[in-house]
Each structure stands twice: as structure tokens, then as C-alpha cells.
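*Asks:* Quick one: this structure, given as C-alpha cells, is what I'll be asking you about.
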Amino acid sequence: MKLVETDLELAQRAALTGAGEALRHFAVIADLPQETKKDGSVVTLADRAVENAIRDVLTAARPDDAILGEEHGETVSGNGRRWIIDPIDGTALFVRGDNRWLVLIALEVDGVVTVGVQIVPAQGLGWWAERGRGAYRGRVTDGALVDAERIRVAGPPPEIGAARLGVVPIDWGREVAAPLVEVAAEEPWPVHPPLLVAQGDLDVAVQTGGEIWDFAASSVIIPEAGGVFRGLAGQDRPDRGPFVFASDPALLEESLRILRKEKAQTADSRGIPRRSGAGGA
């Protein structure tokens, strides 16, 4: 007899359902009506349809859980469990026919993200993680994730000048990342840059803006792959604003310092960092 579906299995099934719905619309993208939201971002019928499809799966399986989605807001629950959905992350890419958009789902339990799934439907690829159980990637075949492979960040970390950097989005907010782009080695990205950090193909990724649903899934996938992340304002949980993902804590700190245009730090005789020019350094 099959055991009850786990949270990770449910997240994967819901994300794959959303991916299938999204691909139906992506196939006729030229005919898909578009709107502009108050924040200036693009939304389509596909965004709403995908979120509805995901919500239907989650609600049927976990009717007592809350759901927060980019397009349809939040339902409430008293059990401390909340699913977080970005039905199409990268709608600007989606409407241009670019295949790098994603479907994102995460589960937050008592304020901590425990499960994250990211699917790139048009490339047939998926990444996922469950807290304490590692991060994985695989292929999407016949509506299932197959060929699972555990992923890890690259190491040892390079000097910041040799660090492989990815910046997302590609067409707005780049001024946030500009100080780091000047010193690191920016590279083009075939899939979402934080995922490339998680699998060892980039050293640093900057996401120049977003909301909790943009970062929730990454916030468990990257650490489970051995990486680290933090918001430019110091946030250590998914939140609004720019975020930096890195393969190593020291690389993260150096990247944040550069982005904040702070002075370099030196270390005293005990190896404790201190700001240049302070305390006789």
C-alpha cells in the first residue's frame, strides 16, 4: 500500500502540474493577452491559470494549510504551514518566448522554509530540496522528475575578481549589481543563476529584486547544496528586496561589502575581521 504523499512529493506534483499548464500557454504565447500590474511587472492569463492549477493540487491534498501566491494572495490557516507559489517566475522572459522562466513552490512551517521546488518547464529541468536532506536536480519526463542527481556548490571559493557571477533579471535593476559586475566575472546564464550556484556552475548570483515567493524555494535549495544567501539589507530569510547567493560565506560577505560600497576589512592577529583604518589596521 502506498504511503501518504510527503510534503516534498506534493510540492513536486503541484509544480509539475503548474509546469504542464504553463507550457500549454507558452505554446501559443503570441496570442496571449498581457496586462501591466501596479508595480510595472507583466502578468498574463497564464500566470493566473498556473497558480489556480497549483492551488487546486495543494488544497485537495492539504486543505488545512495556508497558501500564498503572487497572483491570488493568501489564504489563512492556524496550523503554522504555508505554501508559497510563484506560478511563472520571469514572466518578462515568458512573454518573449525565452525558455528560462520557472515555476516555484516552497513550503514554510512555523516560519522556516522546509521544502523548495523549481521547475524550468520549457527546458524540461527541475531542482528541489528538503531541509536536512540535500539538494537535487533532474529531468522532467512525462510529467515526472527523473534521473535525480545530488548537487553541490563549487569549491574552494575563488578571489572575488575571478568569481563567476550571474545577475538576474537581465533587463531591470542592474544598477543594484553594478559594483559587483565591475570586479567579478559576469557570465551569461542558461537557467536561474542561484540554481547555477547550487550546482557549482557559478560562484555568486545577485537577484536584484523580488518578493518572498521569488526567494522561498531558493532559500532551501542553495543551503542544502552547501551555499549561503542573504538580502542586501541583511535579511537571512526570504523577503522583499535584492538578495545575494554564494558558494561560500566569505565570498558572500565580500560580495555584500562591494554591493553596499563598504570599505574592505582586514583581520587582526586572532583572525577576527575589522574595518580597514580602524584600531590601527
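As shown in the C-alpha cells, the chain order sets the letters A, B, ...; within each chain, residues go from 1, and ligands are also counted from 1 in the order they appear.
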Do you know which residues are at most 12 Å from Ala106 in chain A counting only C-alpha atoms, after dropping those on the same chain fewer than 3 positions away, and could you put them as a PDB file with N, CA, C and O atoms, in the first residue's frame?

*Replies:*
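Here's the written file out_7.pdb:
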ATOM      1  N   ASP A   7       5.475  15.932   1.927  1.00  0.00           N
ATOM      2  CA  ASP A   7       5.411  17.329   1.518  1.00  0.00           C
ATOM      3  C   ASP A   7       6.248  17.573   0.265  1.00  0.00           C
ATOM      4  O   ASP A   7       5.828  18.311  -0.629  1.00  0.00           O
ATOM      5  N   LEU A   8       7.418  16.963   0.195  1.00  0.00           N
ATOM      6  CA  LEU A   8       8.254  17.143  -0.987  1.00  0.00           C
ATOM      7  C   LEU A   8       7.583  16.542  -2.220  1.00  0.00           C
ATOM      8  O   LEU A   8       7.556  17.163  -3.289  1.00  0.00           O
ATOM      9  N   GLU A   9       7.036  15.356  -2.090  1.00  0.00           N
ATOM     10  CA  GLU A   9       6.347  14.735  -3.221  1.00  0.00           C
ATOM     11  C   GLU A   9       5.171  15.581  -3.677  1.00  0.00           C
ATOM     12  O   GLU A   9       4.917  15.738  -4.877  1.00  0.00           O
ATOM     13  N   LEU A  10       4.443  16.144  -2.717  1.00  0.00           N
ATOM     14  CA  LEU A  10       3.311  17.002  -3.060  1.00  0.00           C
ATOM     15  C   LEU A  10       3.790  18.268  -3.771  1.00  0.00           C
ATOM     16  O   LEU A  10       3.199  18.686  -4.778  1.00  0.00           O
ATOM     17  N   ALA A  11       4.846  18.878  -3.259  1.00  0.00           N
ATOM     18  CA  ALA A  11       5.385  20.081  -3.895  1.00  0.00           C
ATOM     19  C   ALA A  11       5.827  19.788  -5.321  1.00  0.00           C
ATOM     20  O   ALA A  11       5.578  20.582  -6.245  1.00  0.00           O
ATOM     21  N   GLN A  12       6.460  18.652  -5.529  1.00  0.00           N
ATOM     22  CA  GLN A  12       6.883  18.277  -6.873  1.00  0.00           C
ATOM     23  C   GLN A  12       5.679  18.056  -7.787  1.00  0.00           C
ATOM     24  O   GLN A  12       5.656  18.529  -8.930  1.00  0.00           O
ATOM     25  N   ALA A  14       2.651  19.291  -7.485  1.00  0.00           N
ATOM     26  CA  ALA A  14       1.989  20.565  -7.742  1.00  0.00           C
ATOM     27  C   ALA A  14       2.778  21.407  -8.739  1.00  0.00           C
ATOM     28  O   ALA A  14       2.206  22.021  -9.649  1.00  0.00           O
ATOM     29  N   ALA A  15       4.105  21.423  -8.585  1.00  0.00           N
ATOM     30  CA  ALA A  15       4.940  22.199  -9.500  1.00  0.00           C
ATOM     31  C   ALA A  15       4.876  21.628 -10.914  1.00  0.00           C
ATOM     32  O   ALA A  15       4.817  22.377 -11.906  1.00  0.00           O
ATOM     33  N   ILE A  54      -2.000  24.955  -9.465  1.00  0.00           N
ATOM     34  CA  ILE A  54      -1.182  24.565  -8.312  1.00  0.00           C
ATOM     35  C   ILE A  54      -2.006  24.598  -7.035  1.00  0.00           C
ATOM     36  O   ILE A  54      -1.940  23.680  -6.202  1.00  0.00           O
ATOM     37  N   LEU A  58      -2.700  21.571  -4.186  1.00  0.00           N
ATOM     38  CA  LEU A  58      -2.331  21.732  -2.778  1.00  0.00           C
ATOM     39  C   LEU A  58      -3.552  21.691  -1.868  1.00  0.00           C
ATOM     40  O   LEU A  58      -3.524  21.062  -0.794  1.00  0.00           O
ATOM     41  N   ALA A  66      -2.286  27.002   4.735  1.00  0.00           N
ATOM     42  CA  ALA A  66      -2.407  28.299   4.070  1.00  0.00           C
ATOM     43  C   ALA A  66      -1.656  28.265   2.747  1.00  0.00           C
ATOM     44  O   ALA A  66      -0.732  27.465   2.554  1.00  0.00           O
ATOM     45  N   ILE A  67      -2.060  29.138   1.839  1.00  0.00           N
ATOM     46  CA  ILE A  67      -1.387  29.279   0.547  1.00  0.00           C
ATOM     47  C   ILE A  67      -1.190  30.759   0.268  1.00  0.00           C
ATOM     48  O   ILE A  67      -2.121  31.550   0.364  1.00  0.00           O
ATOM     49  N   LEU A  68       0.037  31.126  -0.094  1.00  0.00           N
ATOM     50  CA  LEU A  68       0.359  32.479  -0.535  1.00  0.00           C
ATOM     51  C   LEU A  68       0.846  32.394  -1.969  1.00  0.00           C
ATOM     52  O   LEU A  68       1.825  31.695  -2.263  1.00  0.00           O
ATOM     53  N   GLY A  69       0.163  33.091  -2.871  1.00  0.00           N
ATOM     54  CA  GLY A  69       0.562  33.093  -4.268  1.00  0.00           C
ATOM     55  C   GLY A  69       0.695  34.504  -4.787  1.00  0.00           C
ATOM     56  O   GLY A  69       0.008  35.422  -4.309  1.00  0.00           O
ATOM     57  N   ARG A  81       1.517  26.145   8.766  1.00  0.00           N
ATOM     58  CA  ARG A  81       2.029  25.677   7.474  1.00  0.00           C
ATOM     59  C   ARG A  81       1.518  26.580   6.353  1.00  0.00           C
ATOM     60  O   ARG A  81       0.331  26.875   6.281  1.00  0.00           O
ATOM     61  N   ARG A  82       2.433  27.016   5.491  1.00  0.00           N
ATOM     62  CA  ARG A  82       2.053  27.901   4.393  1.00  0.00           C
ATOM     63  C   ARG A  82       2.831  27.534   3.127  1.00  0.00           C
ATOM     64  O   ARG A  82       4.063  27.487   3.135  1.00  0.00           O
ATOM     65  N   TRP A  83       2.099  27.280   2.050  1.00  0.00           N
ATOM     66  CA  TRP A  83       2.697  27.053   0.737  1.00  0.00           C
ATOM     67  C   TRP A  83       2.874  28.395   0.042  1.00  0.00           C
ATOM     68  O   TRP A  83       1.974  29.250   0.089  1.00  0.00           O
ATOM     69  N   ILE A  84       4.028  28.587  -0.601  1.00  0.00           N
ATOM     70  CA  ILE A  84       4.360  29.849  -1.243  1.00  0.00           C
ATOM     71  C   ILE A  84       4.604  29.577  -2.727  1.00  0.00           C
ATOM     72  O   ILE A  84       5.451  28.760  -3.078  1.00  0.00           O
ATOM     73  N   ILE A  85       3.861  30.282  -3.589  1.00  0.00           N
ATOM     74  CA  ILE A  85       3.840  29.978  -5.021  1.00  0.00           C
ATOM     75  C   ILE A  85       4.231  31.200  -5.852  1.00  0.00           C
ATOM     76  O   ILE A  85       3.706  32.294  -5.652  1.00  0.00           O
ATOM     77  N   ASP A  86       5.132  31.000  -6.789  1.00  0.00           N
ATOM     78  CA  ASP A  86       5.320  31.945  -7.890  1.00  0.00           C
ATOM     79  C   ASP A  86       5.000  31.161  -9.154  1.00  0.00           C
ATOM     80  O   ASP A  86       5.809  30.347  -9.615  1.00  0.00           O
ATOM     81  N   PRO A  87       3.822  31.351  -9.733  1.00  0.00           N
ATOM     82  CA  PRO A  87       3.383  30.480 -10.831  1.00  0.00           C
ATOM     83  C   PRO A  87       4.262  30.573 -12.066  1.00  0.00           C
ATOM     84  O   PRO A  87       4.534  29.558 -12.713  1.00  0.00           O
ATOM     85  N   VAL A 103       8.682  27.756 -12.619  1.00  0.00           N
ATOM     86  CA  VAL A 103       7.550  27.576 -11.702  1.00  0.00           C
ATOM     87  C   VAL A 103       8.158  27.282 -10.332  1.00  0.00           C
ATOM     88  O   VAL A 103       8.978  26.368 -10.200  1.00  0.00           O
ATOM     89  N   VAL A 109       7.077  26.121   7.294  1.00  0.00           N
ATOM     90  CA  VAL A 109       6.465  25.552   8.501  1.00  0.00           C
ATOM     91  C   VAL A 109       6.967  26.338   9.705  1.00  0.00           C
ATOM     92  O   VAL A 109       8.175  26.389   9.965  1.00  0.00           O
ATOM     93  N   GLY A 111       7.369  29.420  10.080  1.00  0.00           N
ATOM     94  CA  GLY A 111       8.278  30.484   9.687  1.00  0.00           C
ATOM     95  C   GLY A 111       9.567  30.037   9.041  1.00  0.00           C
ATOM     96  O   GLY A 111      10.396  30.879   8.663  1.00  0.00           O
ATOM     97  N   VAL A 112       9.775  28.733   8.890  1.00  0.00           N
ATOM     98  CA  VAL A 112      11.004  28.210   8.297  1.00  0.00           C
ATOM     99  C   VAL A 112      10.653  27.468   7.011  1.00  0.00           C
ATOM    100  O   VAL A 112       9.785  26.584   7.013  1.00  0.00           O
ATOM    101  N   VAL A 113      11.330  27.797   5.912  1.00  0.00           N
ATOM    102  CA  VAL A 113      11.092  27.098   4.652  1.00  0.00           C
ATOM    103  C   VAL A 113      11.734  25.725   4.736  1.00  0.00           C
ATOM    104  O   VAL A 113      12.934  25.589   4.983  1.00  0.00           O
ATOM    105  N   THR A 114      10.942  24.681   4.521  1.00  0.00           N
ATOM    106  CA  THR A 114      11.414  23.303   4.674  1.00  0.00           C
ATOM    107  C   THR A 114      11.518  22.549   3.351  1.00  0.00           C
ATOM    108  O   THR A 114      12.233  21.549   3.263  1.00  0.00           O
ATOM    109  N   VAL A 115      10.803  23.006   2.330  1.00  0.00           N
ATOM    110  CA  VAL A 115      10.786  22.332   1.033  1.00  0.00           C
ATOM    111  C   VAL A 115      10.803  23.391  -0.061  1.00  0.00           C
ATOM    112  O   VAL A 115      10.136  24.427   0.058  1.00  0.00           O
ATOM    113  N   GLY A 116      11.569  23.145  -1.110  1.00  0.00           N
ATOM    114  CA  GLY A 116      11.575  24.046  -2.252  1.00  0.00           C
ATOM    115  C   GLY A 116      11.684  23.268  -3.553  1.00  0.00           C
ATOM    116  O   GLY A 116      12.457  22.313  -3.637  1.00  0.00           O
ATOM    117  N   VAL A 117      10.906  23.673  -4.548  1.00  0.00           N
ATOM    118  CA  VAL A 117      10.942  23.048  -5.873  1.00  0.00           C
ATOM    119  C   VAL A 117      10.951  24.157  -6.920  1.00  0.00           C
ATOM    120  O   VAL A 117      10.165  25.104  -6.848  1.00  0.00           O
ATOM    121  N   GLN A 118      11.862  24.039  -7.880  1.00  0.00           N
ATOM    122  CA  GLN A 118      11.915  24.959  -9.011  1.00  0.00           C
ATOM    123  C   GLN A 118      11.959  24.137 -10.303  1.00  0.00           C
ATOM    124  O   GLN A 118      12.836  23.295 -10.476  1.00  0.00           O
ATOM    125  N   ILE A 119      10.990  24.404 -11.159  1.00  0.00           N
ATOM    126  CA  ILE A 119      10.913  23.714 -12.451  1.00  0.00           C
ATOM    127  C   ILE A 119      11.143  24.732 -13.564  1.00  0.00           C
ATOM    128  O   ILE A 119      10.603  25.840 -13.520  1.00  0.00           O
ATOM    129  N   TRP A 127      14.776  21.356 -10.082  1.00  0.00           N
ATOM    130  CA  TRP A 127      15.648  21.351  -8.912  1.00  0.00           C
ATOM    131  C   TRP A 127      14.763  21.291  -7.673  1.00  0.00           C
ATOM    132  O   TRP A 127      13.679  21.895  -7.649  1.00  0.00           O
ATOM    133  N   TRP A 128      15.220  20.626  -6.625  1.00  0.00           N
ATOM    134  CA  TRP A 128      14.412  20.537  -5.415  1.00  0.00           C
ATOM    135  C   TRP A 128      15.284  20.249  -4.199  1.00  0.00           C
ATOM    136  O   TRP A 128      16.420  19.787  -4.326  1.00  0.00           O
ATOM    137  N   ALA A 129      14.732  20.535  -3.036  1.00  0.00           N
ATOM    138  CA  ALA A 129      15.441  20.256  -1.782  1.00  0.00           C
ATOM    139  C   ALA A 129      14.438  20.174  -0.651  1.00  0.00           C
ATOM    140  O   ALA A 129      13.368  20.804  -0.682  1.00  0.00           O
ATOM    141  N   GLU A 130      14.809  19.406   0.358  1.00  0.00           N
ATOM    142  CA  GLU A 130      14.076  19.329   1.615  1.00  0.00           C
ATOM    143  C   GLU A 130      15.092  19.562   2.720  1.00  0.00           C
ATOM    144  O   GLU A 130      16.191  19.005   2.702  1.00  0.00           O
ATOM    145  N   ARG A 131      14.739  20.410   3.678  1.00  0.00           N
ATOM    146  CA  ARG A 131      15.701  20.787   4.718  1.00  0.00           C
ATOM    147  C   ARG A 131      16.287  19.553   5.401  1.00  0.00           C
ATOM    148  O   ARG A 131      15.559  18.675   5.860  1.00  0.00           O
ATOM    149  N   ILE A 212       8.834  37.552  -1.442  1.00  0.00           N
ATOM    150  CA  ILE A 212       9.061  36.285  -0.747  1.00  0.00           C
ATOM    151  C   ILE A 212       8.901  35.086  -1.668  1.00  0.00           C
ATOM    152  O   ILE A 212       9.659  34.113  -1.581  1.00  0.00           O
ATOM    153  N   TRP A 213       7.940  35.147  -2.605  1.00  0.00           N
ATOM    154  CA  TRP A 213       7.718  33.989  -3.493  1.00  0.00           C
ATOM    155  C   TRP A 213       8.846  33.828  -4.511  1.00  0.00           C
ATOM    156  O   TRP A 213       9.026  32.751  -5.039  1.00  0.00           O
ATOM    157  N   ASP A 214       9.625  34.886  -4.751  1.00  0.00           N
ATOM    158  CA  ASP A 214      10.773  34.761  -5.644  1.00  0.00           C
ATOM    159  C   ASP A 214      11.938  34.032  -4.981  1.00  0.00           C
ATOM    160  O   ASP A 214      12.774  33.438  -5.676  1.00  0.00           O
ATOM    161  N   PHE A 215      12.017  34.093  -3.653  1.00  0.00           N
ATOM    162  CA  PHE A 215      13.182  33.596  -2.942  1.00  0.00           C
ATOM    163  C   PHE A 215      12.929  32.369  -2.068  1.00  0.00           C
ATOM    164  O   PHE A 215      13.882  31.740  -1.606  1.00  0.00           O
ATOM    165  N   ALA A 216      11.670  32.038  -1.821  1.00  0.00           N
ATOM    166  CA  ALA A 216      11.379  30.980  -0.841  1.00  0.00           C
ATOM    167  C   ALA A 216      11.995  29.642  -1.232  1.00  0.00           C
ATOM    168  O   ALA A 216      12.651  28.986  -0.413  1.00  0.00           O
ATOM    169  N   ALA A 217      11.808  29.212  -2.468  1.00  0.00           N
ATOM    170  CA  ALA A 217      12.348  27.912  -2.878  1.00  0.00           C
ATOM    171  C   ALA A 217      13.872  27.918  -2.874  1.00  0.00           C
ATOM    172  O   ALA A 217      14.519  26.974  -2.415  1.00  0.00           O
ATOM    173  N   SER A 218      14.469  29.000  -3.382  1.00  0.00           N
ATOM    174  CA  SER A 218      15.932  29.100  -3.381  1.00  0.00           C
ATOM    175  C   SER A 218      16.506  29.074  -1.979  1.00  0.00           C
ATOM    176  O   SER A 218      17.628  28.596  -1.766  1.00  0.00           O
ATOM    177  N   SER A 219      15.742  29.579  -1.001  1.00  0.00           N
ATOM    178  CA  SER A 219      16.262  29.693   0.355  1.00  0.00           C
ATOM    179  C   SER A 219      16.488  28.352   1.036  1.00  0.00           C
ATOM    180  O   SER A 219      17.153  28.290   2.076  1.00  0.00           O
ATOM    181  N   VAL A 220      15.957  27.271   0.472  1.00  0.00           N
ATOM    182  CA  VAL A 220      16.266  25.935   0.984  1.00  0.00           C
ATOM    183  C   VAL A 220      17.159  25.163   0.012  1.00  0.00           C
ATOM    184  O   VAL A 220      18.030  24.395   0.434  1.00  0.00           O
ATOM    185  N   ILE A 221      17.013  25.395  -1.290  1.00  0.00           N
ATOM    186  CA  ILE A 221      17.830  24.675  -2.264  1.00  0.00           C
ATOM    187  C   ILE A 221      19.308  25.062  -2.142  1.00  0.00           C
ATOM    188  O   ILE A 221      20.187  24.189  -2.108  1.00  0.00           O
ATOM    189  N   PRO A 238      13.696  34.523   3.276  1.00  0.00           N
ATOM    190  CA  PRO A 238      13.089  35.105   2.071  1.00  0.00           C
ATOM    191  C   PRO A 238      12.279  36.341   2.409  1.00  0.00           C
ATOM    192  O   PRO A 238      11.503  36.344   3.373  1.00  0.00           O
TER     193      PRO A 238
END

*Asks:* Excluding Arg174 in chain A and residues on its chain fewer than 5 positions from it, collect all residues at most 10 Å away from it, counting only C-alpha atoms, and give them as a ChimeraX atom specification.

*Replies:* /A:167-169,179,181,206-209

*Asks:* Taking 3 positions as the minimum chain separation for residues in the same chain, which residues sit within 9 Å of Gln123 in chain A when counting only C-alpha atoms? Answer as a list in words.

*Replies:*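 Selected residues are Asn99, Arg100, Ile119, Val120, Gly126, Arg139, Val140 and Val191 of chain A.
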
*Asks:* So, with only C-alpha atoms as the atoms that count, which of A:Glu254, A:Ile222, A:Gly241, A:Pro249 lies closest to Tyr136 in chain A?

*Replies:* A:Ile222

*Asks:* I need the residues in range 22-263 of chain A that are strand (DSSP E) according to DSSP; give them as number ranges by chain.

*Replies:* A: 34-36, 42-44, 66-69, 73-74, 81-89, 102-109, 112-120, 125-130, 135-141, 144-150, 164-168, 185-186, 204-207, 228-231, 243-246

*Asks:* Could you tell me how far CA of Gly155 in chain A lies from CA of Leu202 in chain A, in Å and to one decimal?

*Replies:*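 Between CA of Gly155 in chain A and CA of Leu202 in chain A the gap works out to 10.4 Å.
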
*Asks:* Calculated over only C-alpha atoms, which of the candidates A:Ile170, A:Leu180, A:Ile151, A:Leu165 has the smallest distance to Arg133 in chain A?

*Replies:*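 The shortest atom-to-atom distance to Arg133 in chain A comes from A:Ile151.
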
*Asks:* Quick one: residues within 12 Å of Pro158 in chain A, only C-alpha atoms, excluding same-chain residues fewer than 5 positions away - as a list in words?

*Replies:*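 Here the qualifying residues turn out to be Ala163, Arg164, Leu165, Ala184, Ala185, Leu202, Asp203, Val204, Ala246, Ser247, Asp248, Ala250, Leu251, Leu252 and Glu254 of chain A.
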
*Asks:* Those same residues - N, CA and C atoms - I'd like them written as a compact mmCIF listing (two decimals), in the first residue's frame.

*Replies:*
# COMPACT_ATOMS: atom_id res chain seq x y z
N ALA A 163 35.63 35.36 -9.44
CA ALA A 163 34.35 34.70 -9.16
C ALA A 163 33.43 34.77 -10.36
N ARG A 164 32.79 33.66 -10.67
CA ARG A 164 31.82 33.59 -11.77
C ARG A 164 30.49 34.12 -11.25
N LEU A 165 29.99 35.17 -11.86
CA LEU A 165 28.84 35.92 -11.37
C LEU A 165 27.68 35.83 -12.35
N ALA A 184 33.86 41.34 -10.59
CA ALA A 184 33.73 39.89 -10.78
C ALA A 184 33.60 39.57 -12.27
N ALA A 185 33.58 38.28 -12.56
CA ALA A 185 33.49 37.83 -13.96
C ALA A 185 32.05 37.44 -14.28
N LEU A 202 28.26 28.54 -11.04
CA LEU A 202 28.57 29.93 -10.72
C LEU A 202 29.03 29.99 -9.27
N ASP A 203 29.74 31.07 -8.93
CA ASP A 203 30.19 31.25 -7.56
C ASP A 203 29.30 32.22 -6.79
N VAL A 204 28.74 33.20 -7.50
CA VAL A 204 27.90 34.22 -6.88
C VAL A 204 26.74 34.53 -7.82
N ALA A 246 25.76 32.70 -2.71
CA ALA A 246 27.17 32.43 -2.94
C ALA A 246 27.52 31.02 -2.52
N SER A 247 28.65 30.55 -3.03
CA SER A 247 29.10 29.19 -2.73
C SER A 247 29.81 29.10 -1.39
N ASP A 248 30.11 30.24 -0.78
CA ASP A 248 30.95 30.25 0.42
C ASP A 248 30.63 31.48 1.26
N ALA A 250 32.54 33.48 3.05
CA ALA A 250 33.47 34.59 2.84
C ALA A 250 33.18 35.30 1.53
N LEU A 251 32.84 34.53 0.49
CA LEU A 251 32.51 35.12 -0.80
C LEU A 251 31.21 35.91 -0.71
N LEU A 252 30.27 35.43 0.07
CA LEU A 252 29.03 36.17 0.28
C LEU A 252 29.30 37.50 0.97
N GLU A 254 32.08 39.24 1.09
CA GLU A 254 32.80 40.15 0.21
C GLU A 254 31.88 40.74 -0.85

*Asks:* Could you tell me how far CA of Ala144 in chain A sits from CA of Ala27 in chain A, in Å to one decimal place?

*Replies:*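 Computed distance, CA of Ala27 in chain A to CA of Ala144 in chain A, equals 19.9 Å.
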
*Asks:* Mind listing the helix (DSSP H, G or I) residues of range 7-237 of chain A, per DSSP on the backbone, as a PyMOL selection string?

*Replies:* chain A and resi 7-26+29-31+45-61+91-95+121-123+160-162+174-181+193-198+212-215+218-224

*Asks:* Can you tell me, as a PyMOL selection string, what residues are no more than 10 Å from range 43-50 of chain A when counting only C-alpha atoms, ignoring any on the same chain fewer than 6 positions away?

*Replies:* chain A and resi 14-15+17-26+29+32-37+56+69-72+85-89+91-92+94-95+103

*Asks:* What is the CA of Val153 in chain A to CA of Glu211 in chain A distance in Å?

*Replies:*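 Answer for the CA of Val153 in chain A to CA of Glu211 in chain A separation: 24.3 Å.
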